[in-house]
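What's in my_file36.cif: mmCIF, N, CA, C and O atoms
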```cif
data_upload
loop_
_atom_site.label_atom_id
_atom_site.label_comp_id
_atom_site.auth_asym_id
_atom_site.auth_seq_id
_atom_site.Cartn_x
_atom_site.Cartn_y
_atom_site.Cartn_z
N MET B 95 77.97 149.90 46.27
CA MET B 95 78.58 151.19 46.56
C MET B 95 79.75 150.96 47.50
O MET B 95 79.67 150.22 48.46
N SER B 96 80.84 151.61 47.26
CA SER B 96 82.05 151.46 48.04
C SER B 96 82.02 152.40 49.25
O SER B 96 81.62 153.55 49.13
N SER B 97 82.43 151.89 50.38
CA SER B 97 82.45 152.72 51.58
C SER B 97 83.79 153.42 51.72
O SER B 97 84.72 153.16 50.97
N LEU B 98 83.90 154.24 52.72
CA LEU B 98 85.13 154.97 53.00
C LEU B 98 86.28 154.01 53.32
O LEU B 98 87.42 154.27 53.03
N PHE B 99 85.96 152.86 53.92
CA PHE B 99 86.97 151.90 54.36
C PHE B 99 87.18 150.77 53.37
O PHE B 99 87.82 149.79 53.66
N GLY B 100 86.65 150.84 52.19
CA GLY B 100 86.82 149.81 51.19
C GLY B 100 85.52 149.07 50.95
O GLY B 100 84.46 149.47 51.38
N SER B 101 85.63 147.95 50.26
CA SER B 101 84.44 147.22 49.85
C SER B 101 83.90 146.31 50.94
O SER B 101 82.89 145.66 50.74
N GLY B 102 84.54 146.20 52.07
CA GLY B 102 84.07 145.33 53.14
C GLY B 102 84.81 144.01 53.18
O GLY B 102 84.87 143.36 54.19
N ALA B 103 85.38 143.57 52.08
CA ALA B 103 86.14 142.32 52.05
C ALA B 103 87.61 142.65 52.31
O ALA B 103 88.16 143.56 51.71
N PRO B 104 88.24 141.94 53.23
CA PRO B 104 89.64 142.24 53.52
C PRO B 104 90.54 141.94 52.32
O PRO B 104 90.36 140.95 51.64
N SER B 105 91.47 142.82 52.06
CA SER B 105 92.38 142.63 50.93
C SER B 105 93.46 141.64 51.30
O SER B 105 93.67 141.33 52.48
N SER B 106 94.15 141.14 50.30
CA SER B 106 95.23 140.19 50.56
C SER B 106 96.35 140.86 51.34
O SER B 106 97.03 140.24 52.15
N ASP B 107 96.54 142.18 51.13
CA ASP B 107 97.55 142.93 51.88
C ASP B 107 97.19 142.97 53.36
O ASP B 107 98.05 142.79 54.22
N MET B 108 95.92 143.16 53.66
CA MET B 108 95.46 143.19 55.04
C MET B 108 95.63 141.83 55.68
O MET B 108 96.06 141.72 56.84
N ASN B 109 95.33 140.77 54.95
CA ASN B 109 95.51 139.41 55.47
C ASN B 109 96.98 139.11 55.73
O ASN B 109 97.33 138.47 56.73
N ALA B 110 97.85 139.58 54.85
CA ALA B 110 99.28 139.38 55.03
C ALA B 110 99.78 140.11 56.28
O ALA B 110 100.57 139.56 57.06
N ARG B 111 99.30 141.33 56.48
CA ARG B 111 99.69 142.09 57.68
C ARG B 111 99.17 141.42 58.94
O ARG B 111 99.86 141.37 59.95
N LYS B 112 97.95 140.92 58.85
CA LYS B 112 97.36 140.21 60.00
C LYS B 112 98.18 138.97 60.35
O LYS B 112 98.47 138.72 61.52
N GLU B 113 98.58 138.21 59.35
CA GLU B 113 99.38 137.00 59.57
C GLU B 113 100.76 137.36 60.13
O GLU B 113 101.27 136.69 61.03
N GLN B 114 101.35 138.42 59.62
CA GLN B 114 102.65 138.87 60.12
C GLN B 114 102.55 139.29 61.58
O GLN B 114 103.41 138.96 62.39
N MET B 115 101.49 139.99 61.94
CA MET B 115 101.28 140.42 63.32
C MET B 115 101.09 139.20 64.22
O MET B 115 101.64 139.14 65.32
N LYS B 116 100.33 138.24 63.75
CA LYS B 116 100.08 137.01 64.50
C LYS B 116 101.40 136.27 64.78
O LYS B 116 101.65 135.83 65.90
N GLN B 117 102.24 136.16 63.76
CA GLN B 117 103.54 135.50 63.93
C GLN B 117 104.44 136.27 64.89
O GLN B 117 105.15 135.68 65.70
N SER B 118 104.40 137.58 64.80
CA SER B 118 105.20 138.41 65.70
C SER B 118 104.78 138.22 67.15
O SER B 118 105.63 138.09 68.05
N ILE B 119 103.49 138.16 67.39
CA ILE B 119 102.98 137.94 68.75
C ILE B 119 103.37 136.56 69.26
O ILE B 119 103.79 136.41 70.41
N GLN B 120 103.29 135.56 68.39
CA GLN B 120 103.69 134.20 68.78
C GLN B 120 105.16 134.16 69.15
O GLN B 120 105.54 133.50 70.13
N GLN B 121 106.01 134.86 68.41
CA GLN B 121 107.43 134.90 68.71
C GLN B 121 107.68 135.58 70.05
O GLN B 121 108.50 135.13 70.85
N GLU B 122 106.98 136.68 70.29
CA GLU B 122 107.14 137.40 71.56
C GLU B 122 106.70 136.53 72.74
O GLU B 122 107.33 136.54 73.79
N LEU B 123 105.61 135.79 72.56
CA LEU B 123 105.15 134.88 73.61
C LEU B 123 106.16 133.78 73.87
O LEU B 123 106.41 133.41 75.02
N ALA B 124 106.76 133.24 72.82
CA ALA B 124 107.77 132.20 72.97
C ALA B 124 108.98 132.73 73.74
O ALA B 124 109.51 132.06 74.63
N ILE B 125 109.40 133.94 73.43
CA ILE B 125 110.53 134.55 74.14
C ILE B 125 110.18 134.79 75.60
O ILE B 125 110.98 134.50 76.50
N ALA B 126 108.98 135.29 75.86
CA ALA B 126 108.55 135.53 77.25
C ALA B 126 108.49 134.22 78.03
O ALA B 126 108.91 134.17 79.19
N ASN B 127 108.01 133.15 77.41
CA ASN B 127 107.96 131.85 78.08
C ASN B 127 109.36 131.33 78.38
O ASN B 127 109.61 130.79 79.47
N ALA B 128 110.29 131.50 77.44
CA ALA B 128 111.67 131.06 77.67
C ALA B 128 112.31 131.86 78.80
O ALA B 128 113.00 131.29 79.66
N GLN B 129 112.06 133.16 78.84
CA GLN B 129 112.61 133.98 79.92
C GLN B 129 112.03 133.57 81.27
O GLN B 129 112.75 133.51 82.27
N GLN B 130 110.74 133.29 81.29
CA GLN B 130 110.11 132.86 82.53
C GLN B 130 110.70 131.53 82.99
O GLN B 130 110.96 131.33 84.18
N LEU B 131 110.91 130.60 82.06
CA LEU B 131 111.51 129.31 82.40
C LEU B 131 112.91 129.50 82.99
O LEU B 131 113.24 128.93 84.03
N ILE B 132 113.71 130.32 82.35
CA ILE B 132 115.08 130.56 82.85
C ILE B 132 115.05 131.20 84.24
O ILE B 132 115.82 130.81 85.12
N ASN B 133 114.15 132.15 84.45
CA ASN B 133 114.05 132.78 85.77
C ASN B 133 113.65 131.77 86.84
O ASN B 133 114.20 131.78 87.94
N LYS B 134 112.69 130.90 86.52
CA LYS B 134 112.26 129.88 87.48
C LYS B 134 113.38 128.88 87.76
O LYS B 134 113.58 128.46 88.91
N ILE B 135 114.10 128.49 86.73
CA ILE B 135 115.23 127.57 86.91
C ILE B 135 116.26 128.21 87.85
O ILE B 135 116.72 127.60 88.81
N ASN B 136 116.61 129.46 87.56
CA ASN B 136 117.60 130.15 88.39
C ASN B 136 117.14 130.24 89.84
O ASN B 136 117.88 129.91 90.77
N GLU B 137 115.92 130.67 90.01
CA GLU B 137 115.37 130.88 91.35
C GLU B 137 115.29 129.56 92.15
O GLU B 137 115.81 129.46 93.25
N ASN B 138 114.64 128.58 91.57
CA ASN B 138 114.39 127.33 92.30
C ASN B 138 115.60 126.42 92.41
O ASN B 138 115.84 125.82 93.46
N CYS B 139 116.36 126.29 91.34
CA CYS B 139 117.54 125.43 91.39
C CYS B 139 118.62 126.02 92.30
O CYS B 139 119.31 125.28 93.01
N PHE B 140 118.77 127.33 92.26
CA PHE B 140 119.75 127.95 93.16
C PHE B 140 119.35 127.70 94.61
O PHE B 140 120.18 127.30 95.43
N ALA B 141 118.08 127.90 94.93
CA ALA B 141 117.61 127.70 96.31
C ALA B 141 117.80 126.25 96.75
O ALA B 141 118.13 125.97 97.90
N LYS B 142 117.60 125.31 95.82
CA LYS B 142 117.71 123.89 96.15
C LYS B 142 119.16 123.44 96.26
O LYS B 142 119.51 122.67 97.18
N CYS B 143 120.01 123.89 95.36
CA CYS B 143 121.35 123.32 95.23
C CYS B 143 122.47 124.11 95.93
O CYS B 143 123.50 123.55 96.29
N ILE B 144 122.29 125.39 96.10
CA ILE B 144 123.35 126.23 96.67
C ILE B 144 122.96 126.60 98.09
O ILE B 144 122.37 127.65 98.34
N THR B 145 123.27 125.73 99.01
CA THR B 145 122.89 125.97 100.40
C THR B 145 123.91 126.87 101.12
O THR B 145 123.54 127.57 102.06
N LYS B 146 125.15 126.82 100.68
CA LYS B 146 126.20 127.67 101.27
C LYS B 146 126.95 128.37 100.15
O LYS B 146 127.96 127.86 99.64
N PRO B 147 126.47 129.55 99.72
CA PRO B 147 127.14 130.26 98.63
C PRO B 147 128.61 130.57 98.95
O PRO B 147 128.95 130.88 100.09
N SER B 148 129.44 130.43 97.94
CA SER B 148 130.86 130.78 98.07
C SER B 148 131.34 131.29 96.72
O SER B 148 130.54 131.54 95.82
N THR B 149 132.63 131.41 96.56
CA THR B 149 133.16 131.96 95.32
C THR B 149 133.19 130.95 94.18
O THR B 149 133.39 131.33 93.03
N SER B 150 133.02 129.68 94.48
CA SER B 150 132.99 128.66 93.42
C SER B 150 132.01 127.55 93.80
O SER B 150 131.60 127.43 94.96
N LEU B 151 131.66 126.75 92.81
CA LEU B 151 130.72 125.66 93.03
C LEU B 151 131.48 124.36 93.31
O LEU B 151 132.51 124.10 92.70
N THR B 152 130.92 123.58 94.21
CA THR B 152 131.47 122.24 94.44
C THR B 152 130.95 121.32 93.34
O THR B 152 129.99 121.66 92.64
N SER B 153 131.57 120.17 93.20
CA SER B 153 131.11 119.24 92.17
C SER B 153 129.69 118.76 92.46
O SER B 153 128.90 118.57 91.53
N SER B 154 129.33 118.61 93.72
CA SER B 154 127.96 118.18 94.04
C SER B 154 126.95 119.29 93.72
O SER B 154 125.84 119.01 93.27
N GLN B 155 127.34 120.55 93.91
CA GLN B 155 126.47 121.66 93.54
C GLN B 155 126.29 121.72 92.03
O GLN B 155 125.17 121.95 91.53
N GLU B 156 127.37 121.53 91.27
CA GLU B 156 127.28 121.53 89.81
C GLU B 156 126.37 120.40 89.32
O GLU B 156 125.54 120.61 88.44
N THR B 157 126.52 119.21 89.92
CA THR B 157 125.68 118.07 89.55
C THR B 157 124.23 118.37 89.87
O THR B 157 123.32 118.12 89.05
N CYS B 158 123.97 118.90 91.05
CA CYS B 158 122.62 119.24 91.48
C CYS B 158 121.99 120.26 90.52
O CYS B 158 120.86 120.09 90.07
N LEU B 159 122.73 121.31 90.18
CA LEU B 159 122.23 122.33 89.26
C LEU B 159 121.93 121.75 87.88
O LEU B 159 120.90 122.06 87.28
N SER B 160 122.82 120.91 87.40
CA SER B 160 122.63 120.30 86.09
C SER B 160 121.38 119.42 86.07
O SER B 160 120.56 119.51 85.13
N GLN B 161 121.20 118.60 87.08
CA GLN B 161 120.03 117.73 87.15
C GLN B 161 118.75 118.55 87.33
O GLN B 161 117.72 118.26 86.70
N CYS B 162 118.80 119.54 88.17
CA CYS B 162 117.64 120.39 88.41
C CYS B 162 117.22 121.09 87.12
O CYS B 162 116.04 121.10 86.76
N MET B 163 118.20 121.64 86.40
CA MET B 163 117.90 122.32 85.15
C MET B 163 117.31 121.35 84.12
O MET B 163 116.34 121.67 83.44
N SER B 164 117.88 120.18 84.03
CA SER B 164 117.37 119.17 83.08
C SER B 164 115.93 118.79 83.39
O SER B 164 115.11 118.66 82.48
N LEU B 165 115.62 118.63 84.66
CA LEU B 165 114.25 118.29 85.05
C LEU B 165 113.28 119.41 84.71
O LEU B 165 112.17 119.15 84.21
N TYR B 166 113.65 120.65 84.97
CA TYR B 166 112.79 121.78 84.63
C TYR B 166 112.56 121.87 83.13
O TYR B 166 111.44 122.09 82.68
N MET B 167 113.62 121.67 82.35
CA MET B 167 113.49 121.75 80.89
C MET B 167 112.60 120.62 80.38
O MET B 167 111.75 120.86 79.51
N ALA B 168 112.77 119.42 80.90
CA ALA B 168 111.94 118.29 80.47
C ALA B 168 110.47 118.53 80.84
O ALA B 168 109.57 118.25 80.04
N ALA B 169 110.24 119.03 82.04
CA ALA B 169 108.87 119.30 82.48
C ALA B 169 108.24 120.39 81.62
O ALA B 169 107.09 120.26 81.18
N PHE B 170 108.98 121.44 81.34
CA PHE B 170 108.47 122.53 80.50
C PHE B 170 108.15 122.02 79.11
O PHE B 170 107.11 122.35 78.52
N ASP B 171 109.03 121.18 78.57
CA ASP B 171 108.83 120.62 77.24
C ASP B 171 107.55 119.77 77.21
O ASP B 171 106.74 119.89 76.29
N GLN B 172 107.36 118.93 78.22
CA GLN B 172 106.18 118.08 78.26
C GLN B 172 104.89 118.90 78.39
O GLN B 172 103.91 118.65 77.70
N VAL B 173 104.91 119.88 79.26
CA VAL B 173 103.74 120.74 79.43
C VAL B 173 103.44 121.50 78.14
O VAL B 173 102.28 121.59 77.71
N SER B 174 104.46 122.00 77.47
CA SER B 174 104.28 122.73 76.22
C SER B 174 103.66 121.83 75.15
O SER B 174 102.74 122.23 74.44
N ARG B 175 104.19 120.61 75.03
CA ARG B 175 103.65 119.69 74.03
C ARG B 175 102.20 119.34 74.33
O ARG B 175 101.36 119.29 73.42
N SER B 176 101.89 119.10 75.59
CA SER B 176 100.51 118.77 75.97
C SER B 176 99.58 119.94 75.68
O SER B 176 98.46 119.75 75.19
N TYR B 177 100.03 121.14 75.97
CA TYR B 177 99.22 122.34 75.73
C TYR B 177 98.94 122.51 74.24
O TYR B 177 97.81 122.75 73.83
N VAL B 178 99.99 122.40 73.43
CA VAL B 178 99.83 122.56 71.99
C VAL B 178 98.90 121.48 71.44
O VAL B 178 98.03 121.76 70.60
N SER B 179 99.03 120.27 71.93
CA SER B 179 98.16 119.18 71.50
C SER B 179 96.70 119.46 71.85
O SER B 179 95.80 119.27 71.03
N ARG B 180 96.47 119.92 73.06
CA ARG B 180 95.11 120.23 73.49
C ARG B 180 94.50 121.36 72.67
O ARG B 180 93.36 121.28 72.23
N ILE B 181 95.28 122.39 72.42
CA ILE B 181 94.79 123.51 71.62
C ILE B 181 94.47 123.04 70.20
O ILE B 181 93.45 123.42 69.63
N SER B 182 95.32 122.20 69.64
CA SER B 182 95.08 121.69 68.29
C SER B 182 93.80 120.88 68.23
O SER B 182 93.02 121.00 67.29
N LYS B 183 93.57 120.05 69.24
CA LYS B 183 92.35 119.25 69.29
C LYS B 183 91.13 120.14 69.42
O LYS B 183 90.10 119.91 68.78
N GLU B 184 91.20 121.17 70.26
CA GLU B 184 90.08 122.08 70.45
C GLU B 184 89.79 122.85 69.18
O GLU B 184 88.62 123.08 68.84
N ARG B 185 90.79 123.25 68.47
CA ARG B 185 90.57 123.95 67.20
C ARG B 185 89.91 123.04 66.19
O ARG B 185 89.06 123.47 65.43
N GLY B 186 90.30 121.76 66.19
CA GLY B 186 89.71 120.80 65.27
C GLY B 186 88.25 120.51 65.62
O GLY B 186 87.42 120.30 64.75
N ALA B 187 87.92 120.55 66.90
CA ALA B 187 86.56 120.26 67.35
C ALA B 187 85.64 121.46 67.20
O ALA B 187 84.44 121.30 67.05
N ALA B 188 86.20 122.65 67.26
CA ALA B 188 85.37 123.86 67.20
C ALA B 188 85.95 124.83 66.18
O ALA B 188 86.67 125.75 66.54
N PRO B 189 85.65 124.62 64.89
CA PRO B 189 86.19 125.53 63.87
C PRO B 189 85.76 126.97 64.12
O PRO B 189 84.67 127.23 64.59
N GLY B 190 86.67 127.86 63.78
CA GLY B 190 86.36 129.28 63.92
C GLY B 190 86.90 129.87 65.22
O GLY B 190 86.94 131.06 65.39
N ILE B 191 87.32 129.00 66.14
CA ILE B 191 87.89 129.51 67.39
C ILE B 191 89.40 129.49 67.23
O ILE B 191 89.99 128.46 66.94
N GLY B 192 90.03 130.59 67.41
CA GLY B 192 91.48 130.66 67.25
C GLY B 192 92.11 131.48 68.33
O GLY B 192 91.45 132.20 69.05
N LEU B 193 93.42 131.33 68.42
CA LEU B 193 94.18 132.13 69.38
C LEU B 193 94.65 133.40 68.75
O LEU B 193 94.96 133.50 67.64
#
```
Please render this file's structure as structure tokens.
Amino acid sequence: MSSLFGSGAPSSDMNARKEQMKQSIQQELAIANAQQLINKINENCFAKCITKPSTSLTSSQETCLSQCMSLYMAAFDQVSRSYVSRISKERGAAPGIGL
């Protein structure tokens, strides 16, 4: 007997919508992470490299900012890769658990 909400088995349309929603959330999380990284870079690198603000940057300030930004990006990249690797391993070890 069919219920008000269907036969109980999810339709392919429902699965497609679920997958689309999942991808949308992943994209939003990626954007939020990138914004957080940029904010941290601005906040911390400015505090470290710009000790005497003026109307222009000195060459040493530009070098400091460039190096600081590169280090933050490399660290973020490494942490992201490690996190993704760990999540992948956990999913492989415990089927049925997902994000």
Exercise. Range 145-162 of chain B: which residues within 12 Å, counting only C-alpha atoms, same-chain residues fewer than 5 positions away excluded, as a ChimeraX atom specification?
Worked result: /B:132,134-140,167-169
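Interatomic distance, CA of Ser174 in chain B to CA of Ala128 in chain B: 11.2 Å.
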For this session: Please return as JSON, numbers by chain: the residues of range 138-193 of chain B that backbone DSSP assigns to helix (DSSP H, G or I).
Result: {"B": [138, 139, 140, 141, 142, 143, 153, 154, 155, 156, 157, 158, 159, 160, 161, 162, 163, 164, 165, 166, 167, 168, 169, 170, 171, 172, 173, 174, 175, 176, 177, 178, 179, 180, 181, 182, 183, 184, 185, 186, 187]}
Step by step, gather every atom of range 155-159 of chain B that the file lists, find the box along x, y and z that holds them, add 6 Å on each side, and finally give centre and edge lengths in Å to one decimal, as lines of an AutoDock Vina configuration file.
```
center_x = 124.1
center_y = 120.2
center_z = 90.6
size_x = 18.5
size_y = 16.3
size_z = 18.6
```
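With CA of Ser179 in chain B on one side and CA of Gln129 in chain B on the other, the separation reads 22.3 Å.
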For this session: Go ahead and compute the interatomic distance for atom C of Ile144 in chain B and atom O of Val173 in chain B, in Å to one decimal.
Result: 29.5 Å
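With distances restricted to only C-alpha atoms, B:Tyr166 is the closest residue to Asn133 in chain B from B:Arg185, B:Lys116, B:Asn109, B:Tyr166.
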